[in-house]
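Raw input-v2.cif, mmCIF, C-alpha atoms:
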```
data_input
#
loop_
_atom_site.label_atom_id
_atom_site.label_comp_id
_atom_site.auth_asym_id
_atom_site.auth_seq_id
_atom_site.Cartn_x
_atom_site.Cartn_y
_atom_site.Cartn_z
CA MET A 1 -4.02 44.97 -20.81
CA LEU A 2 -7.29 44.95 -18.89
CA THR A 3 -7.88 48.09 -16.86
CA ALA A 4 -9.01 47.85 -13.23
CA GLU A 5 -12.47 48.99 -14.32
CA GLU A 6 -12.67 46.31 -17.00
CA GLN A 7 -11.51 43.64 -14.53
CA SER A 8 -14.22 44.69 -12.10
CA LEU A 9 -16.88 44.67 -14.85
CA ILE A 10 -15.85 41.18 -15.91
CA GLN A 11 -15.91 39.80 -12.37
CA LYS A 12 -19.32 41.35 -11.62
CA THR A 13 -20.75 40.08 -14.93
CA TRP A 14 -19.39 36.58 -14.41
CA GLU A 15 -20.93 36.60 -10.95
CA LYS A 16 -24.33 37.52 -12.45
CA ALA A 17 -24.06 34.67 -14.95
CA SER A 18 -22.86 32.13 -12.38
CA CYS A 19 -26.29 30.65 -11.62
CA HIS A 20 -26.31 29.39 -15.22
CA LYS A 21 -22.77 28.14 -15.28
CA ASP A 22 -23.74 24.49 -15.60
CA GLU A 23 -25.50 25.09 -18.91
CA MET A 24 -23.50 28.01 -20.30
CA GLY A 25 -20.51 25.99 -21.43
CA GLY A 26 -22.48 23.28 -23.15
CA GLU A 27 -24.66 25.85 -24.88
CA SER A 28 -21.61 27.80 -26.08
CA LEU A 29 -20.05 24.66 -27.50
CA TYR A 30 -23.28 23.53 -29.16
CA ARG A 31 -23.62 26.98 -30.75
CA LEU A 32 -19.99 26.73 -31.91
CA PHE A 33 -20.66 23.39 -33.61
CA THR A 34 -23.93 24.58 -35.16
CA SER A 35 -22.71 27.95 -36.49
CA TYR A 36 -19.22 26.78 -37.40
CA PRO A 37 -19.39 23.09 -38.35
CA THR A 38 -15.65 22.91 -39.13
CA THR A 39 -14.95 23.20 -35.39
CA LYS A 40 -16.40 19.74 -34.97
CA THR A 41 -13.16 18.42 -36.48
CA TYR A 42 -11.59 18.90 -33.05
CA PHE A 43 -14.16 16.61 -31.45
CA PRO A 44 -14.44 13.57 -33.75
CA HIS A 45 -14.86 11.37 -30.69
CA PHE A 46 -17.82 13.38 -29.34
CA ASP A 47 -21.53 13.03 -29.77
CA VAL A 48 -22.18 16.63 -30.82
CA SER A 49 -25.95 16.40 -31.08
CA CYS A 50 -28.28 18.66 -29.08
CA GLY A 51 -28.38 17.66 -25.42
CA SER A 52 -25.22 15.55 -25.64
CA GLU A 53 -23.90 14.74 -22.19
CA GLN A 54 -20.32 14.85 -23.53
CA VAL A 55 -20.80 18.39 -24.80
CA ARG A 56 -22.47 19.46 -21.55
CA SER A 57 -19.71 17.96 -19.47
CA HIS A 58 -16.96 19.46 -21.63
CA GLY A 59 -18.76 22.79 -21.49
CA LYS A 60 -18.59 22.70 -17.69
CA LYS A 61 -14.81 22.23 -17.92
CA VAL A 62 -14.52 25.24 -20.23
CA VAL A 63 -16.59 27.39 -17.86
CA ALA A 64 -14.57 26.20 -14.85
CA ALA A 65 -11.38 27.25 -16.64
CA LEU A 66 -12.87 30.64 -17.46
CA THR A 67 -13.90 31.01 -13.81
CA THR A 68 -10.28 30.36 -12.83
CA ALA A 69 -9.26 33.01 -15.33
CA VAL A 70 -11.79 35.52 -13.97
CA ASN A 71 -10.60 34.87 -10.42
CA SER A 72 -6.94 35.39 -11.40
CA ILE A 73 -7.63 38.07 -13.91
CA ASP A 74 -4.43 39.99 -13.22
CA ASN A 75 -2.25 36.96 -13.86
CA LEU A 76 -3.83 34.96 -16.66
CA SER A 77 -0.51 33.52 -17.84
CA GLN A 78 0.13 31.73 -14.58
CA ALA A 79 -3.49 30.78 -13.89
CA LEU A 80 -3.87 29.14 -17.30
CA SER A 81 -0.34 27.80 -17.63
CA GLU A 82 -1.30 24.12 -17.60
CA LEU A 83 -4.14 24.64 -20.07
CA SER A 84 -1.76 26.59 -22.25
CA SER A 85 0.61 23.58 -22.36
CA LEU A 86 -2.29 21.25 -23.07
CA HIS A 87 -3.48 23.32 -26.03
CA ALA A 88 0.02 23.73 -27.43
CA TYR A 89 1.40 20.24 -27.09
CA ASN A 90 -1.59 17.90 -26.97
CA LEU A 91 -4.63 19.50 -28.50
CA ARG A 92 -2.83 21.66 -31.08
CA VAL A 93 -5.98 23.48 -32.16
CA ASP A 94 -4.76 25.00 -35.43
CA PRO A 95 -4.48 27.90 -36.16
CA PRO A 96 -4.58 29.12 -32.54
CA CYS A 97 -6.47 32.35 -32.95
CA PHE A 98 -9.21 31.52 -35.41
CA PRO A 99 -11.26 28.87 -33.51
CA SER A 100 -10.85 30.91 -30.30
CA GLN A 101 -12.51 33.88 -31.99
CA LEU A 102 -15.42 31.66 -32.93
CA LEU A 103 -15.76 30.27 -29.40
CA SER A 104 -15.47 33.79 -27.98
CA GLN A 105 -18.35 34.84 -30.23
CA CYS A 106 -20.52 31.95 -29.03
CA ILE A 107 -19.73 32.54 -25.35
CA GLN A 108 -20.67 36.19 -25.80
CA VAL A 109 -23.94 35.27 -27.53
CA VAL A 110 -24.81 33.07 -24.53
CA LEU A 111 -23.95 35.90 -22.11
CA ALA A 112 -25.89 38.46 -24.18
CA ARG A 113 -28.97 36.23 -24.18
CA LEU A 114 -28.66 35.68 -20.45
CA LEU A 115 -28.07 39.28 -19.48
CA GLY A 116 -30.04 41.18 -22.16
CA LYS A 117 -29.69 44.93 -21.56
CA GLU A 118 -27.10 44.28 -18.84
CA TYR A 119 -24.68 43.12 -21.53
CA THR A 120 -23.93 46.79 -22.11
CA PRO A 121 -21.40 48.02 -24.67
CA GLU A 122 -18.91 48.53 -21.81
CA VAL A 123 -19.37 44.96 -20.57
CA HIS A 124 -19.23 43.69 -24.15
CA ALA A 125 -15.94 45.50 -24.76
CA ALA A 126 -14.41 44.22 -21.52
CA PHE A 127 -15.45 40.62 -22.20
CA ASP A 128 -14.29 40.67 -25.80
CA LYS A 129 -10.92 41.91 -24.58
CA PHE A 130 -10.81 39.31 -21.78
CA LEU A 131 -11.63 36.37 -24.06
CA SER A 132 -8.97 37.57 -26.54
CA ALA A 133 -6.47 37.69 -23.68
CA VAL A 134 -7.41 34.14 -22.62
CA ALA A 135 -7.02 32.92 -26.21
CA ALA A 136 -3.61 34.61 -26.43
CA VAL A 137 -2.42 32.90 -23.23
CA LEU A 138 -3.67 29.53 -24.48
CA SER A 139 -1.63 29.90 -27.66
CA GLU A 140 1.49 31.27 -25.91
CA LYS A 141 3.43 28.03 -26.13
CA TYR A 142 2.55 27.09 -29.70
CA ARG A 143 5.95 28.00 -31.01
CA MET B 1 -24.85 31.81 -54.84
CA VAL B 2 -25.52 31.01 -51.20
CA HIS B 3 -27.85 28.10 -50.66
CA TRP B 4 -30.47 28.62 -47.94
CA THR B 5 -32.69 25.94 -46.47
CA ALA B 6 -36.32 26.82 -45.86
CA GLU B 7 -35.63 26.77 -42.11
CA GLU B 8 -32.72 29.20 -42.44
CA LYS B 9 -34.83 31.61 -44.47
CA GLN B 10 -37.57 31.35 -41.88
CA HIS B 11 -35.16 32.10 -39.01
CA ILE B 12 -33.85 35.13 -40.84
CA THR B 13 -37.09 36.70 -42.08
CA SER B 14 -39.00 35.96 -38.89
CA LEU B 15 -36.43 37.61 -36.63
CA TRP B 16 -35.91 40.52 -39.04
CA SER B 17 -39.62 41.36 -38.91
CA LYS B 18 -39.19 42.06 -35.19
CA VAL B 19 -36.08 44.21 -35.49
CA ASN B 20 -36.29 47.96 -34.91
CA VAL B 21 -33.81 48.92 -37.63
CA ALA B 22 -33.07 52.41 -36.29
CA ASP B 23 -32.38 51.21 -32.73
CA CYS B 24 -30.52 48.01 -33.59
CA GLY B 25 -28.48 49.73 -36.28
CA ALA B 26 -27.48 52.54 -33.94
CA GLU B 27 -26.58 50.07 -31.21
CA ALA B 28 -24.56 47.82 -33.52
CA LEU B 29 -22.52 50.68 -34.95
CA ALA B 30 -21.98 52.19 -31.49
CA ARG B 31 -20.74 48.85 -30.16
CA LEU B 32 -18.35 48.50 -33.11
CA LEU B 33 -16.81 51.87 -32.24
CA ILE B 34 -16.64 51.01 -28.52
CA VAL B 35 -15.52 47.37 -28.61
CA TYR B 36 -13.06 47.89 -31.49
CA PRO B 37 -12.01 51.53 -31.06
CA TRP B 38 -9.66 51.48 -34.06
CA THR B 39 -12.75 51.44 -36.28
CA GLN B 40 -13.26 55.08 -35.28
CA ARG B 41 -10.66 55.91 -37.94
CA PHE B 42 -13.45 55.76 -40.52
CA PHE B 43 -15.61 58.25 -38.67
CA SER B 44 -13.33 61.16 -37.84
CA SER B 45 -15.99 63.62 -39.01
CA PHE B 46 -18.53 62.29 -36.52
CA GLY B 47 -17.48 64.53 -33.63
CA ASN B 48 -17.29 63.27 -30.06
CA LEU B 49 -16.48 59.54 -29.85
CA SER B 50 -14.30 59.87 -26.76
CA SER B 51 -16.24 57.54 -24.42
CA PRO B 52 -18.93 54.85 -24.62
CA THR B 53 -21.47 57.42 -23.39
CA ALA B 54 -20.39 59.89 -26.08
CA VAL B 55 -20.58 57.24 -28.80
CA LEU B 56 -24.00 56.00 -27.70
CA GLY B 57 -25.37 59.53 -27.57
CA ASN B 58 -23.81 60.71 -30.84
CA PRO B 59 -26.59 61.57 -33.33
CA GLN B 60 -24.36 60.93 -36.35
CA VAL B 61 -23.58 57.44 -35.06
CA ARG B 62 -27.31 56.83 -34.64
CA ALA B 63 -28.14 58.07 -38.12
CA HIS B 64 -25.36 56.16 -39.79
CA GLY B 65 -26.16 52.99 -37.85
CA LYS B 66 -29.72 53.16 -39.13
CA LYS B 67 -28.43 53.64 -42.68
CA VAL B 68 -26.09 50.65 -42.42
CA LEU B 69 -28.72 48.30 -41.02
CA THR B 70 -31.33 49.47 -43.54
CA SER B 71 -28.86 48.52 -46.23
CA PHE B 72 -28.29 45.18 -44.53
CA GLY B 73 -32.04 44.67 -44.79
CA GLU B 74 -31.60 44.50 -48.56
CA ALA B 75 -29.75 41.23 -48.04
CA VAL B 76 -32.70 39.85 -46.08
CA LYS B 77 -35.03 40.83 -48.94
CA ASN B 78 -32.68 39.39 -51.56
CA LEU B 79 -31.27 36.27 -49.96
CA ASP B 80 -30.81 34.61 -53.34
CA SER B 81 -28.83 37.46 -54.88
CA ILE B 82 -26.72 38.94 -52.11
CA LYS B 83 -23.60 39.39 -54.26
CA ALA B 84 -25.48 41.43 -56.88
CA THR B 85 -27.29 43.44 -54.20
CA PHE B 86 -24.03 44.65 -52.66
CA ALA B 87 -21.87 44.99 -55.81
CA HIS B 88 -22.07 48.76 -55.87
CA LEU B 89 -21.52 49.11 -52.11
CA SER B 90 -18.50 46.84 -52.40
CA GLU B 91 -16.91 49.16 -54.93
CA LEU B 92 -17.76 52.15 -52.75
CA HIS B 93 -16.17 50.62 -49.63
CA CYS B 94 -13.01 49.81 -51.58
CA ASP B 95 -12.54 52.80 -53.85
CA LYS B 96 -13.98 55.68 -51.82
CA LEU B 97 -14.18 54.60 -48.19
CA HIS B 98 -11.01 52.44 -48.04
CA VAL B 99 -12.42 50.10 -45.42
CA ASP B 100 -10.51 46.89 -44.63
CA PRO B 101 -13.06 44.06 -45.23
CA GLU B 102 -12.12 42.53 -41.88
CA ASN B 103 -14.32 45.25 -40.39
CA PHE B 104 -17.41 43.78 -42.10
CA ARG B 105 -16.82 40.55 -40.20
CA LEU B 106 -16.47 42.47 -36.92
CA LEU B 107 -19.70 44.40 -37.50
CA GLY B 108 -21.52 41.20 -38.47
CA ASP B 109 -20.51 39.50 -35.22
CA ILE B 110 -21.53 42.54 -33.22
CA LEU B 111 -24.94 42.59 -34.89
CA ILE B 112 -25.37 38.95 -33.82
CA ILE B 113 -24.62 39.86 -30.19
CA VAL B 114 -27.08 42.79 -30.33
CA LEU B 115 -29.78 40.45 -31.69
CA ALA B 116 -28.98 37.86 -28.99
CA SER B 117 -29.39 40.45 -26.25
CA HIS B 118 -32.74 41.68 -27.61
CA PHE B 119 -34.26 38.39 -28.71
CA ALA B 120 -33.05 35.82 -26.18
CA LYS B 121 -35.92 33.42 -26.70
CA GLU B 122 -35.88 33.41 -30.50
CA PHE B 123 -32.10 33.34 -30.82
CA THR B 124 -31.71 29.57 -30.64
CA PRO B 125 -28.48 27.91 -31.82
CA GLU B 126 -30.16 27.20 -35.19
CA CYS B 127 -31.27 30.81 -35.50
CA GLN B 128 -27.76 32.01 -34.65
CA ALA B 129 -26.29 29.65 -37.27
CA ALA B 130 -28.58 31.08 -39.98
CA TRP B 131 -27.67 34.63 -39.00
CA GLN B 132 -23.91 33.89 -38.81
CA LYS B 133 -24.24 32.51 -42.34
CA LEU B 134 -26.05 35.68 -43.45
CA VAL B 135 -23.56 38.13 -41.94
CA GLY B 136 -20.79 36.03 -43.48
CA ALA B 137 -22.45 36.18 -46.90
CA VAL B 138 -22.92 39.95 -46.66
CA ALA B 139 -19.30 40.46 -45.56
CA HIS B 140 -18.15 38.30 -48.46
CA ALA B 141 -20.30 40.23 -50.95
CA LEU B 142 -18.98 43.55 -49.66
CA ALA B 143 -15.40 42.36 -50.07
CA ARG B 144 -15.94 40.87 -53.50
CA LYS B 145 -15.21 43.94 -55.65
CA TYR B 146 -12.02 44.86 -53.83
CA HIS B 147 -8.90 45.17 -55.91
#
```
Structure rendered as structure tokens:
Amino acid sequence: MLTAEEQSLIQKTWEKASCHKDEMGGESLYRLFTSYPTTKTYFPHFDVSCGSEQVRSHGKKVVAALTTAVNSIDNLSQALSELSSLHAYNLRVDPPCFPSQLLSQCIQVVLARLLGKEYTPEVHAAFDKFLSAVAAVLSEKYR
Amino acid sequence: MVHWTAEEKQHITSLWSKVNVADCGAEALARLLIVYPWTQRFFSSFGNLSSPTAVLGNPQVRAHGKKVLTSFGEAVKNLDSIKATFAHLSELHCDKLHVDPENFRLLGDILIIVLASHFAKEFTPECQAAWQKLVGAVAHALARKYH
């Protein structure tokens, strides 16, 4: 459960990063594919090369979904309900937790680069917890 | 044996030469204890770890963080023999320290985030990939002697 303080930290941090939100998602995904090549198996139909418009565009979708999550941080289950169904029944990213940990790592690397010292241990802890909570909601309907 | 391309070696050694081992090590260990508080179970003799401020200011955390990252530096110096380099430490972590190897993966990922926050420009996706491979190789070597 995210505490009120953690929720506030996450919302403030996301706000600080928002001027970069167009690039953040694409960069996170590109880092995911570069550091963890097996994750490309979920995107066989994508051009995953550097600067790919597909990756950039998909990245924007991911960031938009995270923004929804940040804005409804006290009710993630409801806010992400449709995405949860999508991941469970259509996408079936398997196993649910493992690739999410990798994406969480890449998103946090992007945030850490962006924010430098402002990505304090407290912010880091709150975000790690938040991204785990998002991953858990997305895999809620798996079985 | 892990195979490294020339570019990967370059990313690793070049970034490492800029790292302040004492500061980065202290920060990485502190973040491990803050972000994953259950890891504090291995450091019950370290005194006050009750808040992020306490952890960050704890001199034993600082000292031990420096020790850990200095040891990690041995991997950077011996990229072609990481398993051999950490054989003894692997036995130690299993037989004496009783650390679940999952924690090596957690610390590795945290080190990556610390590096990203300090070296934004250098930490390109390719640089991150080389470092994720390195922390993975070190974690694997440390888990190798477990029984």
Name the residues in contact with Glu91 of chain B at a cut-off of 12 Å, using only C-alpha atoms, excluding same-chain residues fewer than 5 positions from it; report them as a list in words. Lys83, Ala84, Thr85, Phe86, Lys96, Leu97, His98, Val99, Pro101, Ala141, Leu142, Ala143, Arg144, Lys145, Tyr146 and His147 of chain B
Could you write out the selected residues, including C-alpha atoms, as a CSV table (one decimal), in the coordinates of the input?
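What landed in out.csv:
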```csv
chain,number,residue,atom,x,y,z
B,83,LYS,CA,-23.6,39.4,-54.3
B,84,ALA,CA,-25.5,41.4,-56.9
B,85,THR,CA,-27.3,43.4,-54.2
B,86,PHE,CA,-24.0,44.6,-52.7
B,96,LYS,CA,-14.0,55.7,-51.8
B,97,LEU,CA,-14.2,54.6,-48.2
B,98,HIS,CA,-11.0,52.4,-48.0
B,99,VAL,CA,-12.4,50.1,-45.4
B,101,PRO,CA,-13.1,44.1,-45.2
B,141,ALA,CA,-20.3,40.2,-51.0
B,142,LEU,CA,-19.0,43.6,-49.7
B,143,ALA,CA,-15.4,42.4,-50.1
B,144,ARG,CA,-15.9,40.9,-53.5
B,145,LYS,CA,-15.2,43.9,-55.6
B,146,TYR,CA,-12.0,44.9,-53.8
B,147,HIS,CA,-8.9,45.2,-55.9
```
Show me, as a CSV table (one decimal) with C-alpha atoms, in the coordinates of the input, the residues that have an atom within 9 Å of segment 39-48 of chain B when counting only C-alpha atoms, minus same-chain residues fewer than 4 positions from it.
```
chain,number,residue,atom,x,y,z
B,32,LEU,CA,-18.4,48.5,-33.1
B,33,LEU,CA,-16.8,51.9,-32.2
B,34,ILE,CA,-16.6,51.0,-28.5
B,54,ALA,CA,-20.4,59.9,-26.1
B,55,VAL,CA,-20.6,57.2,-28.8
B,58,ASN,CA,-23.8,60.7,-30.8
B,59,PRO,CA,-26.6,61.6,-33.3
B,60,GLN,CA,-24.4,60.9,-36.4
B,61,VAL,CA,-23.6,57.4,-35.1
B,97,LEU,CA,-14.2,54.6,-48.2
B,98,HIS,CA,-11.0,52.4,-48.0
B,99,VAL,CA,-12.4,50.1,-45.4
B,103,ASN,CA,-14.3,45.2,-40.4
```
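For the structure shown here, the set of residues caught by the PyMOL selection byres ((chain B) within 6 of (chain A)) is Arg31, Val35, Ile113, Ala116, Ser117, Ala120, Pro125 and Ala129 of chain B.
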Write out, as a tab-separated table (two decimals), in the coordinates of the input, the residues just selected, with C-alpha atoms.
```
chain	number	residue	atom	x	y	z
B	31	ARG	CA	-20.74	48.85	-30.16
B	35	VAL	CA	-15.52	47.37	-28.61
B	113	ILE	CA	-24.62	39.86	-30.19
B	116	ALA	CA	-28.98	37.86	-28.99
B	117	SER	CA	-29.39	40.45	-26.25
B	120	ALA	CA	-33.05	35.82	-26.18
B	125	PRO	CA	-28.48	27.91	-31.82
B	129	ALA	CA	-26.29	29.65	-37.27
```
One decimal, Å: what's the distance from atom CA of Leu83 of chain A over to atom CA of Gln132 of chain B, could you say? 28.8 Å
Need the shell around Ala64 of chain A: protein/DNA/RNA residues with any atom at most 12 Å away, counting only C-alpha atoms. Skip same-chain ones fewer than 4 positions apart. Format as a VMD selection string? chain A and resid 14 18 21 to 26 57 to 60 68 to 71 80 83
Atoms kept (C-alpha atoms) for selection, written as a PDB file, in the frame of the given file:
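The file below, selection-v8.pdb, is the result:
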```pdb
ATOM      1  CA  TRP A  14     -19.390  36.580 -14.410  1.00  0.00           C
ATOM      2  CA  SER A  18     -22.860  32.130 -12.380  1.00  0.00           C
ATOM      3  CA  LYS A  21     -22.770  28.140 -15.280  1.00  0.00           C
ATOM      4  CA  ASP A  22     -23.740  24.490 -15.600  1.00  0.00           C
ATOM      5  CA  GLU A  23     -25.500  25.090 -18.910  1.00  0.00           C
ATOM      6  CA  MET A  24     -23.500  28.010 -20.300  1.00  0.00           C
ATOM      7  CA  GLY A  25     -20.510  25.990 -21.430  1.00  0.00           C
ATOM      8  CA  GLY A  26     -22.480  23.280 -23.150  1.00  0.00           C
ATOM      9  CA  SER A  57     -19.710  17.960 -19.470  1.00  0.00           C
ATOM     10  CA  HIS A  58     -16.960  19.460 -21.630  1.00  0.00           C
ATOM     11  CA  GLY A  59     -18.760  22.790 -21.490  1.00  0.00           C
ATOM     12  CA  LYS A  60     -18.590  22.700 -17.690  1.00  0.00           C
ATOM     13  CA  THR A  68     -10.280  30.360 -12.830  1.00  0.00           C
ATOM     14  CA  ALA A  69      -9.260  33.010 -15.330  1.00  0.00           C
ATOM     15  CA  VAL A  70     -11.790  35.520 -13.970  1.00  0.00           C
ATOM     16  CA  ASN A  71     -10.600  34.870 -10.420  1.00  0.00           C
ATOM     17  CA  LEU A  80      -3.870  29.140 -17.300  1.00  0.00           C
ATOM     18  CA  LEU A  83      -4.140  24.640 -20.070  1.00  0.00           C
TER      19      LEU A  83
END
```
Could you check how far atom CA of Ala28 of chain B sits from atom CA of Leu107 of chain B, in Å to one decimal? 7.2 Å
Atom pair atom CA of His88 of chain B / atom CA of Glu102 of chain B: separation (Å):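 One can read the atom CA of His88 of chain B to atom CA of Glu102 of chain B distance as 18.3 Å.
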What do you get, as a PyMOL selection string, if you spell out every residue that the PyMOL selection byres ((chain A and resi 3) around 12) selects here? chain A and resi 1-2+4-10+73-74+125-127+129-130
Write out, as a PDB file, in the frame of the given file, the residues just selected, with C-alpha atoms.
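So the final result, stored in out.pdb, reads:
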```pdb
ATOM      1  CA  MET A   1      -4.020  44.970 -20.810  1.00  0.00           C
ATOM      2  CA  LEU A   2      -7.290  44.950 -18.890  1.00  0.00           C
ATOM      3  CA  ALA A   4      -9.010  47.850 -13.230  1.00  0.00           C
ATOM      4  CA  GLU A   5     -12.470  48.990 -14.320  1.00  0.00           C
ATOM      5  CA  GLU A   6     -12.670  46.310 -17.000  1.00  0.00           C
ATOM      6  CA  GLN A   7     -11.510  43.640 -14.530  1.00  0.00           C
ATOM      7  CA  SER A   8     -14.220  44.690 -12.100  1.00  0.00           C
ATOM      8  CA  LEU A   9     -16.880  44.670 -14.850  1.00  0.00           C
ATOM      9  CA  ILE A  10     -15.850  41.180 -15.910  1.00  0.00           C
ATOM     10  CA  ILE A  73      -7.630  38.070 -13.910  1.00  0.00           C
ATOM     11  CA  ASP A  74      -4.430  39.990 -13.220  1.00  0.00           C
ATOM     12  CA  ALA A 125     -15.940  45.500 -24.760  1.00  0.00           C
ATOM     13  CA  ALA A 126     -14.410  44.220 -21.520  1.00  0.00           C
ATOM     14  CA  PHE A 127     -15.450  40.620 -22.200  1.00  0.00           C
ATOM     15  CA  LYS A 129     -10.920  41.910 -24.580  1.00  0.00           C
ATOM     16  CA  PHE A 130     -10.810  39.310 -21.780  1.00  0.00           C
TER      17      PHE A 130
END
```
Name all residues at most 12 Å from Ser14 of chain B (count all atoms listed in the file; drop same-chain ones fewer than 6 positions away) and give them as a ChimeraX atom specification. /B:6-8,76-77,119,122-123,127,130-131
For a cutoff of 12 Å around the file-coordinate point (-35.3, 44.2, -35.1), which residues qualify once you count only C-alpha atoms? I'd like the result as a ChimeraX atom specification. /B:12-28,66,69-70,72-73,111-112,114-119,122
Please extract segment 126-133 of chain A and write it out with all heavy atoms, as a PDB file, in the first residue's frame.
```pdb
ATOM      1  N   ALA A 126       9.613   5.102  -3.423  1.00  0.00           N
ATOM      2  CA  ALA A 126       8.189   5.298  -3.722  1.00  0.00           C
ATOM      3  C   ALA A 126       7.875   4.833  -5.144  1.00  0.00           C
ATOM      4  O   ALA A 126       6.882   4.137  -5.382  1.00  0.00           O
ATOM      5  CB  ALA A 126       7.804   6.771  -3.558  1.00  0.00           C
ATOM      6  N   PHE A 127       8.753   5.180  -6.094  1.00  0.00           N
ATOM      7  CA  PHE A 127       8.509   4.808  -7.483  1.00  0.00           C
ATOM      8  C   PHE A 127       8.610   3.318  -7.708  1.00  0.00           C
ATOM      9  O   PHE A 127       7.843   2.730  -8.471  1.00  0.00           O
ATOM     10  CB  PHE A 127       9.457   5.554  -8.428  1.00  0.00           C
ATOM     11  CG  PHE A 127       8.718   6.529  -9.263  1.00  0.00           C
ATOM     12  CD1 PHE A 127       8.632   7.857  -8.878  1.00  0.00           C
ATOM     13  CD2 PHE A 127       8.021   6.110 -10.385  1.00  0.00           C
ATOM     14  CE1 PHE A 127       7.887   8.753  -9.622  1.00  0.00           C
ATOM     15  CE2 PHE A 127       7.265   7.008 -11.128  1.00  0.00           C
ATOM     16  CZ  PHE A 127       7.205   8.323 -10.746  1.00  0.00           C
ATOM     17  N   ASP A 128       9.596   2.706  -7.059  1.00  0.00           N
ATOM     18  CA  ASP A 128       9.773   1.257  -7.192  1.00  0.00           C
ATOM     19  C   ASP A 128       8.508   0.549  -6.709  1.00  0.00           C
ATOM     20  O   ASP A 128       8.003  -0.383  -7.344  1.00  0.00           O
ATOM     21  CB  ASP A 128      10.992   0.809  -6.386  1.00  0.00           C
ATOM     22  CG  ASP A 128      11.428  -0.608  -6.747  1.00  0.00           C
ATOM     23  OD1 ASP A 128      10.909  -1.570  -6.162  1.00  0.00           O
ATOM     24  OD2 ASP A 128      12.282  -0.740  -7.653  1.00  0.00           O
ATOM     25  N   LYS A 129       7.984   1.057  -5.591  1.00  0.00           N
ATOM     26  CA  LYS A 129       6.772   0.480  -5.009  1.00  0.00           C
ATOM     27  C   LYS A 129       5.581   0.703  -5.953  1.00  0.00           C
ATOM     28  O   LYS A 129       4.784  -0.203  -6.202  1.00  0.00           O
ATOM     29  CB  LYS A 129       6.528   1.174  -3.671  1.00  0.00           C
ATOM     30  CG  LYS A 129       5.844   0.348  -2.624  1.00  0.00           C
ATOM     31  CD  LYS A 129       5.985   1.037  -1.269  1.00  0.00           C
ATOM     32  CE  LYS A 129       4.781   0.730  -0.395  1.00  0.00           C
ATOM     33  NZ  LYS A 129       4.836   1.390   0.906  1.00  0.00           N
ATOM     34  N   PHE A 130       5.482   1.911  -6.499  1.00  0.00           N
ATOM     35  CA  PHE A 130       4.388   2.273  -7.398  1.00  0.00           C
ATOM     36  C   PHE A 130       4.402   1.398  -8.649  1.00  0.00           C
ATOM     37  O   PHE A 130       3.380   0.830  -9.045  1.00  0.00           O
ATOM     38  CB  PHE A 130       4.509   3.760  -7.767  1.00  0.00           C
ATOM     39  CG  PHE A 130       3.637   4.208  -8.912  1.00  0.00           C
ATOM     40  CD1 PHE A 130       2.251   4.202  -8.796  1.00  0.00           C
ATOM     41  CD2 PHE A 130       4.206   4.654 -10.101  1.00  0.00           C
ATOM     42  CE1 PHE A 130       1.444   4.623  -9.850  1.00  0.00           C
ATOM     43  CE2 PHE A 130       3.401   5.075 -11.155  1.00  0.00           C
ATOM     44  CZ  PHE A 130       2.024   5.060 -11.041  1.00  0.00           C
ATOM     45  N   LEU A 131       5.559   1.259  -9.273  1.00  0.00           N
ATOM     46  CA  LEU A 131       5.654   0.464 -10.500  1.00  0.00           C
ATOM     47  C   LEU A 131       5.352  -1.016 -10.226  1.00  0.00           C
ATOM     48  O   LEU A 131       4.754  -1.694 -11.060  1.00  0.00           O
ATOM     49  CB  LEU A 131       7.020   0.646 -11.170  1.00  0.00           C
ATOM     50  CG  LEU A 131       7.248   2.047 -11.763  1.00  0.00           C
ATOM     51  CD1 LEU A 131       8.694   2.220 -12.222  1.00  0.00           C
ATOM     52  CD2 LEU A 131       6.303   2.321 -12.934  1.00  0.00           C
ATOM     53  N   SER A 132       5.757  -1.495  -9.037  1.00  0.00           N
ATOM     54  CA  SER A 132       5.389  -2.878  -8.657  1.00  0.00           C
ATOM     55  C   SER A 132       3.885  -3.006  -8.520  1.00  0.00           C
ATOM     56  O   SER A 132       3.302  -4.018  -8.931  1.00  0.00           O
ATOM     57  CB  SER A 132       5.988  -3.259  -7.304  1.00  0.00           C
ATOM     58  OG  SER A 132       7.360  -3.285  -7.378  1.00  0.00           O
ATOM     59  N   ALA A 133       3.248  -1.971  -7.939  1.00  0.00           N
ATOM     60  CA  ALA A 133       1.795  -2.003  -7.751  1.00  0.00           C
ATOM     61  C   ALA A 133       1.098  -1.998  -9.110  1.00  0.00           C
ATOM     62  O   ALA A 133       0.124  -2.731  -9.319  1.00  0.00           O
ATOM     63  CB  ALA A 133       1.341  -0.805  -6.916  1.00  0.00           C
TER      64      ALA A 133
END
```
